[in-house]
Each structure stands twice: as C-alpha cells, then as structure tokens.
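Undergrad: Got a file for you: structure02.cif, mmCIF, C-alpha atoms.
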data_query
#
loop_
_atom_site.group_PDB
_atom_site.id
_atom_site.type_symbol
_atom_site.label_atom_id
_atom_site.label_comp_id
_atom_site.auth_asym_id
_atom_site.auth_seq_id
_atom_site.Cartn_x
_atom_site.Cartn_y
_atom_site.Cartn_z
ATOM 1 C CA MET A 1 7.960 5.464 55.248
ATOM 2 C CA LEU A 2 6.436 8.612 53.788
ATOM 3 C CA LYS A 3 8.083 10.186 50.760
ATOM 4 C CA ARG A 4 7.924 13.923 50.147
ATOM 5 C CA ARG A 5 7.278 15.593 46.808
ATOM 6 C CA HIS A 6 7.583 19.375 46.794
ATOM 7 C CA PHE A 7 5.535 21.831 44.770
ATOM 8 C CA LEU A 8 5.605 25.630 44.593
ATOM 9 C CA ALA A 9 2.489 27.150 43.104
ATOM 10 C CA VAL A 10 2.194 30.688 41.808
ATOM 11 C CA CYS A 11 -0.171 30.347 38.884
ATOM 12 C CA LEU A 12 -3.554 31.352 37.546
ATOM 13 C CA LEU A 13 -6.604 29.159 38.106
ATOM 14 C CA ALA A 14 -7.153 28.637 34.391
ATOM 15 C CA THR A 15 -3.610 27.434 33.740
ATOM 16 C CA CYS A 16 -2.890 25.408 36.868
ATOM 17 C CA ALA A 17 -5.551 22.695 36.699
ATOM 18 C CA ALA A 18 -4.616 19.667 34.670
ATOM 19 C CA ALA A 19 -7.145 17.164 33.405
ATOM 20 C CA VAL A 20 -7.174 14.318 35.898
ATOM 21 C CA PRO A 21 -9.431 11.336 35.258
ATOM 22 C CA ALA A 22 -12.092 10.314 37.746
ATOM 23 C CA ILE A 23 -14.209 7.228 38.035
ATOM 24 C CA LEU A 24 -17.915 7.529 37.219
ATOM 25 C CA ALA A 25 -19.832 5.242 39.528
ATOM 26 C CA GLN A 26 -23.249 4.373 40.931
ATOM 27 C CA SER A 27 -24.705 5.429 44.295
ATOM 28 C CA GLY A 28 -22.154 5.332 47.123
ATOM 29 C CA GLU A 29 -19.212 4.738 44.825
ATOM 30 C CA LEU A 30 -16.181 6.888 44.186
ATOM 31 C CA LEU A 31 -16.407 9.668 41.563
ATOM 32 C CA VAL A 32 -13.240 11.664 42.279
ATOM 33 C CA ASP A 33 -10.383 10.143 44.248
ATOM 34 C CA ASP A 34 -7.630 11.594 46.428
ATOM 35 C CA GLN A 35 -4.844 11.378 43.822
ATOM 36 C CA GLY A 36 -3.486 14.229 41.692
ATOM 37 C CA TRP A 37 -4.844 17.340 43.427
ATOM 38 C CA ALA A 38 -3.050 20.605 42.519
ATOM 39 C CA LEU A 39 -2.427 23.877 44.342
ATOM 40 C CA ALA A 40 -3.740 26.916 42.452
ATOM 41 C CA THR A 41 -4.283 30.621 42.987
ATOM 42 C CA THR A 42 -6.666 33.213 41.561
ATOM 43 C CA ASN A 43 -4.755 36.343 42.588
ATOM 44 C CA ALA A 44 -1.096 35.265 42.398
ATOM 45 C CA MET A 45 -0.850 34.523 46.127
ATOM 46 C CA ASP A 46 2.058 32.390 47.294
ATOM 47 C CA GLY A 47 1.816 28.996 48.878
ATOM 48 C CA THR A 48 3.727 25.753 48.948
ATOM 49 C CA MET A 49 2.445 22.210 49.000
ATOM 50 C CA GLU A 50 4.124 18.973 49.973
ATOM 51 C CA VAL A 51 2.540 15.665 49.062
ATOM 52 C CA LEU A 52 3.409 12.887 51.493
ATOM 53 C CA THR A 53 3.002 9.352 50.182
ATOM 54 C CA ASP A 54 3.961 5.878 51.319
ATOM 55 C CA GLY A 55 3.898 4.175 47.933
ATOM 56 C CA GLY A 56 0.169 3.623 47.653
ATOM 57 C CA SER A 57 -1.110 1.782 50.742
ATOM 58 C CA HIS A 58 -2.435 5.001 52.329
ATOM 59 C CA PRO A 59 -3.990 8.103 50.760
ATOM 60 C CA PRO A 60 -1.664 11.017 49.977
ATOM 61 C CA ILE A 61 -1.415 13.767 52.576
ATOM 62 C CA TYR A 62 -1.513 17.306 51.154
ATOM 63 C CA GLU A 63 0.387 19.736 53.407
ATOM 64 C CA ILE A 64 -0.257 23.324 52.323
ATOM 65 C CA ASN A 65 1.629 26.278 53.765
ATOM 66 C CA VAL A 66 -0.084 29.591 52.990
ATOM 67 C CA LEU A 67 2.759 32.117 52.756
ATOM 68 C CA ARG A 68 0.911 35.258 51.608
ATOM 69 C CA PRO A 69 -2.745 34.805 52.539
ATOM 70 C CA GLY A 70 -4.267 37.317 50.098
ATOM 71 C CA ASN A 71 -7.640 38.975 50.530
ATOM 72 C CA GLY A 72 -9.839 35.948 51.074
ATOM 73 C CA VAL A 73 -10.103 32.219 51.523
ATOM 74 C CA TYR A 74 -10.677 31.774 47.755
ATOM 75 C CA ASP A 75 -7.269 33.235 46.781
ATOM 76 C CA LEU A 76 -5.358 29.950 47.266
ATOM 77 C CA HIS A 77 -6.864 26.504 46.883
ATOM 78 C CA LEU A 78 -6.254 22.786 46.470
ATOM 79 C CA GLU A 79 -8.270 21.642 43.460
ATOM 80 C CA LYS A 80 -9.071 18.798 41.101
ATOM 81 C CA PRO A 81 -11.209 18.789 37.930
ATOM 82 C CA VAL A 82 -14.605 17.099 38.055
ATOM 83 C CA PRO A 83 -15.462 15.454 34.721
ATOM 84 C CA ALA A 84 -18.436 16.847 32.788
ATOM 85 C CA ASP A 85 -20.191 13.458 32.664
ATOM 86 C CA VAL A 86 -20.232 13.323 36.470
ATOM 87 C CA LEU A 87 -21.837 16.766 36.654
ATOM 88 C CA ALA A 88 -24.298 16.164 33.797
ATOM 89 C CA ALA A 89 -26.065 13.463 35.826
ATOM 90 C CA ASN A 90 -27.214 16.279 38.198
ATOM 91 C CA LYS A 91 -27.363 13.900 41.181
ATOM 92 C CA PRO A 92 -26.259 14.747 44.735
ATOM 93 C CA PHE A 93 -22.727 13.980 45.913
ATOM 94 C CA VAL A 94 -20.993 13.590 49.255
ATOM 95 C CA LEU A 95 -17.537 15.099 49.812
ATOM 96 C CA ARG A 96 -15.523 13.217 52.445
ATOM 97 C CA PHE A 97 -12.097 14.209 53.731
ATOM 98 C CA LYS A 98 -9.896 14.546 56.817
ATOM 99 C CA ALA A 99 -8.212 17.833 57.686
ATOM 100 C CA ARG A 100 -6.336 19.779 60.342
ATOM 101 C CA ALA A 101 -4.528 23.120 60.604
ATOM 102 C CA GLY A 102 -1.445 24.465 62.358
ATOM 103 C CA ARG A 103 -3.786 26.703 64.367
ATOM 104 C CA PRO A 104 -7.591 26.990 64.486
ATOM 105 C CA ARG A 105 -8.981 28.495 61.276
ATOM 106 C CA LYS A 106 -11.691 28.113 58.647
ATOM 107 C CA ILE A 107 -11.488 26.863 55.074
ATOM 108 C CA ARG A 108 -14.146 26.481 52.384
ATOM 109 C CA THR A 109 -14.905 23.562 50.135
ATOM 110 C CA ALA A 110 -16.488 24.465 46.815
ATOM 111 C CA LEU A 111 -17.667 23.066 43.513
ATOM 112 C CA GLN A 112 -16.924 25.843 41.046
ATOM 113 C CA ASP A 113 -16.531 26.714 37.392
ATOM 114 C CA ALA A 114 -15.165 29.831 35.699
ATOM 115 C CA GLN A 115 -18.450 31.757 36.111
ATOM 116 C CA ALA A 116 -20.081 30.478 39.288
ATOM 117 C CA GLU A 117 -19.814 28.555 42.510
ATOM 118 C CA PRO A 118 -23.019 26.499 42.698
ATOM 119 C CA TRP A 119 -22.014 24.877 46.016
ATOM 120 C CA ALA A 120 -19.731 25.875 48.898
ATOM 121 C CA HIS A 121 -19.424 24.961 52.566
ATOM 122 C CA GLU A 122 -17.211 26.439 55.288
ATOM 123 C CA VAL A 123 -15.559 24.174 57.886
ATOM 124 C CA ALA A 124 -13.625 25.043 61.044
ATOM 125 C CA LEU A 125 -10.292 23.268 61.475
ATOM 126 C CA THR A 126 -8.327 22.640 64.659
ATOM 127 C CA LYS A 127 -4.865 21.192 65.332
ATOM 128 C CA ASP A 128 -6.434 17.724 65.604
ATOM 129 C CA TRP A 129 -7.497 15.564 62.677
ATOM 130 C CA GLN A 130 -11.207 15.882 61.940
ATOM 131 C CA GLU A 131 -13.269 13.830 59.516
ATOM 132 C CA PHE A 132 -15.846 15.669 57.396
ATOM 133 C CA ARG A 133 -18.795 14.326 55.380
ATOM 134 C CA LEU A 134 -20.509 17.132 53.463
ATOM 135 C CA PRO A 135 -23.548 16.692 51.189
ATOM 136 C CA VAL A 136 -23.040 18.491 47.873
ATOM 137 C CA LYS A 137 -26.358 19.699 46.443
ATOM 138 C CA THR A 138 -26.326 22.251 43.651
ATOM 139 C CA ASP A 139 -29.126 24.440 42.308
ATOM 140 C CA SER A 140 -27.476 24.506 38.893
ATOM 141 C CA ILE A 141 -25.109 22.256 36.978
ATOM 142 C CA PRO A 142 -21.590 23.728 36.828
ATOM 143 C CA LYS A 143 -20.201 24.342 33.378
ATOM 144 C CA SER A 144 -17.211 22.309 32.321
ATOM 145 C CA PRO A 145 -14.402 22.578 33.246
ATOM 146 C CA ALA A 146 -15.491 22.528 36.874
ATOM 147 C CA VAL A 147 -13.303 21.816 39.875
ATOM 148 C CA MET A 148 -13.769 20.638 43.427
ATOM 149 C CA ALA A 149 -11.690 22.974 45.582
ATOM 150 C CA PHE A 150 -10.495 23.395 49.142
ATOM 151 C CA GLN A 151 -10.115 27.174 49.514
ATOM 152 C CA VAL A 152 -7.347 27.817 52.054
ATOM 153 C CA GLY A 153 -6.245 31.444 51.442
ATOM 154 C CA GLY A 154 -7.031 34.429 53.649
ATOM 155 C CA THR A 155 -5.020 33.189 56.653
ATOM 156 C CA SER A 156 -1.335 32.288 56.682
ATOM 157 C CA GLY A 157 -0.154 28.993 58.123
ATOM 158 C CA GLU A 158 -0.469 25.267 57.516
ATOM 159 C CA VAL A 159 -3.495 23.262 56.371
ATOM 160 C CA THR A 160 -3.277 19.490 55.939
ATOM 161 C CA ILE A 161 -5.881 17.496 53.997
ATOM 162 C CA THR A 162 -6.057 13.767 53.237
ATOM 163 C CA ASP A 163 -8.392 10.895 52.328
ATOM 164 C CA ILE A 164 -10.426 13.010 49.868
ATOM 165 C CA LYS A 165 -13.398 11.342 48.173
ATOM 166 C CA LEU A 166 -16.292 12.702 46.121
ATOM 167 C CA GLU A 167 -18.992 10.034 46.020
ATOM 168 C CA ARG A 168 -22.597 9.665 44.908
ATOM 169 C CA SER A 169 -24.937 9.989 47.852
#
Can you dump the structure from the file as structure tokens?
TA:
Amino acid sequence: MLKRRHFLAVCLLATCAAAVPAILAQSGELLVDDQGWALATTNAMDGTMEVLTDGGSHPPIYEINVLRPGNGVYDLHLEKPVPADVLAANKPFVLRFKARAGRPRKIRTALQDAQAEPWAHEVALTKDWQEFRLPVKTDSIPKSPAVMAFQVGGTSGEVTITDIKLERS
C-alpha cells in the first residue's frame, strides 16, 4: 500500500536544498540514492510534489505537477546534493532512473553548482515508464555545493520519476 506525503515548493534554489548524505563507493556502486530528493525553483515558479512510498521495500515515486511552467525547463527541478568528496574524485558516473509524463514532453538531467552546469542531458518522456542510463562525464569539477537535478519546468503537467541512482561507471 503506497502512502502519500505532500509537498508544496515555492522557494529559491539556494534555500531549498538540504544536506542529504550519500554513500561514497567504488566502481559500479551507489553514490547517491533515491531517498530525500527535494523540489526547488530558481524563478519562484509553482509546482507540487507527492512522494509515494510503501514503507521501504520499493523506491519512492516522485510525482511532480508543474503548475506554472515558467520560461524554461530549468525553472523547476527535483534535486539532491552531491557530496564534495564524490565530485573531488573526478571519475565518471552513471545516472539511472525511470520516468514518465502525463503527456509527451522533454526534461533535462543536470549536475550543477551555483556558477555552472558542467553536465546536462535532455530526455524525451512519454506516458509509459521508460528506464534511462545516462553516462555523466564532466569537463570540470563542480564546486560544492553541487546538486544532481531533474529539470522539469517549461511545460505544465505531470512528471513522475523513480528508482534514481547515481553510480560510479
């Protein structure tokens, strides 16, 4: 039985992200898990997020409803901090997740800090669940605090993301 937790996010990027621990691991092991992601905005756009859980046997499902889409995909995003020690190793990562949307649309995944976005990748979503496996290779090391983000603004409607993992490749 899934339980719902409701969140309403109208906040600034710098104040919305909370420090969430990750696990530093060797090749192929988990660095950032699918727990504790937060909804944030850069331009005070509105969105709601529900987190569906079943008590721990399955990954949380993040249901995001973009109410006011803003000017671009980057205006509203699901994010989680990436610890500085993970980034300092300067080794490639793989971002894995499952996603779908209420109607066909695009979202971006990005590794970003306050000054730059050293890696980003756009994916097309449909109404059906899709599994993504994206190599994360950066030209520069992001400054701390950095976040991994799913940028979902720019288009109103629902986006659902689950089973998020950032791993060493």
Undergrad: For A:Leu67, which of A:Pro145, A:Pro81, A:Gly47, A:Pro118 is the closest residue, counting all atoms listed in the file?
TA: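 Smallest separation from A:Leu67 among the options: A:Gly47.
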Undergrad: Pull out every residue that the PyMOL selection byres ((chain A and resi 61) around 7) matches in the shown coordinates and put them as an NGL selection string.
TA: :A and (51-53 or 59-60 or 62-63 or 160-162)
Undergrad: Which is closest to A:Ser169 among A:Ala101, A:Arg133, A:Ala110, A:His77, if we use all atoms listed in the file?
TA: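 Nearest to A:Ser169: A:Arg133.
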Undergrad: Quick one: of A:Leu111, A:Val152, A:Ala116, A:Ala124, who's nearest to A:Leu87, counting all atoms listed in the file?
TA: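 Closest to A:Leu87 of all the choices is A:Leu111.
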Undergrad: What does the PyMOL selection byres ((chain A and resi 70) around 6) select in this file, as a short mmCIF file (atom, residue, chain, number, x, y, z; two decimals) with C-alpha atoms, keeping the file's coordinate frame?
TA:
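Once written, expr13.cif looks like this:
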data_model
loop_
_atom_site.label_atom_id
_atom_site.label_comp_id
_atom_site.auth_asym_id
_atom_site.auth_seq_id
_atom_site.Cartn_x
_atom_site.Cartn_y
_atom_site.Cartn_z
CA MET A 45 -0.85 34.52 46.13
CA ARG A 68 0.91 35.26 51.61
CA PRO A 69 -2.74 34.80 52.54
CA ASN A 71 -7.64 38.98 50.53
CA GLY A 72 -9.84 35.95 51.07
CA GLY A 154 -7.03 34.43 53.65
#
Undergrad: Using all atoms listed in the file, what residues lie at most 7 Å away from (-18.5, 10.4, 50.5) (file coordinates), given as a list in words?
TA: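 Neighbouring residues, ordered by chain and number, come to Val94, Leu95, Arg96, Arg133, Lys165, Leu166, Glu167, Arg168 and Ser169 of chain A.
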Undergrad: Give as a compact mmCIF listing (two decimals) with C-alpha atoms, in the frame of the given file the residues that the PyMOL selection byres ((chain A and resi 105) around 9) matches when applied to the coordinates above.
TA:
# COMPACT_ATOMS: atom_id res chain seq x y z
CA ALA A 101 -4.53 23.12 60.60
CA GLY A 102 -1.44 24.46 62.36
CA ARG A 103 -3.79 26.70 64.37
CA PRO A 104 -7.59 26.99 64.49
CA LYS A 106 -11.69 28.11 58.65
CA ILE A 107 -11.49 26.86 55.07
CA VAL A 123 -15.56 24.17 57.89
CA ALA A 124 -13.62 25.04 61.04
CA LEU A 125 -10.29 23.27 61.48
CA THR A 126 -8.33 22.64 64.66
CA THR A 155 -5.02 33.19 56.65
Undergrad: So the first atom is atom CA of A:His58 and the second is atom CA of A:Asp75; what is the distance between them in Å, to one decimal place?
TA: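 Taking atom CA of A:His58 and atom CA of A:Asp75, their separation equals 29.2 Å.
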Undergrad: What is the atom CA of A:Ile141 to atom CA of A:Asp163 distance in Å?
TA: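 Computing the Euclidean distance for atom CA of A:Ile141 and atom CA of A:Asp163 yields 25.4 Å.
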Undergrad: Expressed in Å to a single decimal, how great is the separation between atom CA of A:Phe150 and atom CA of A:Val32?
TA: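 Separating atom CA of A:Phe150 from atom CA of A:Val32 is a distance of 13.9 Å.
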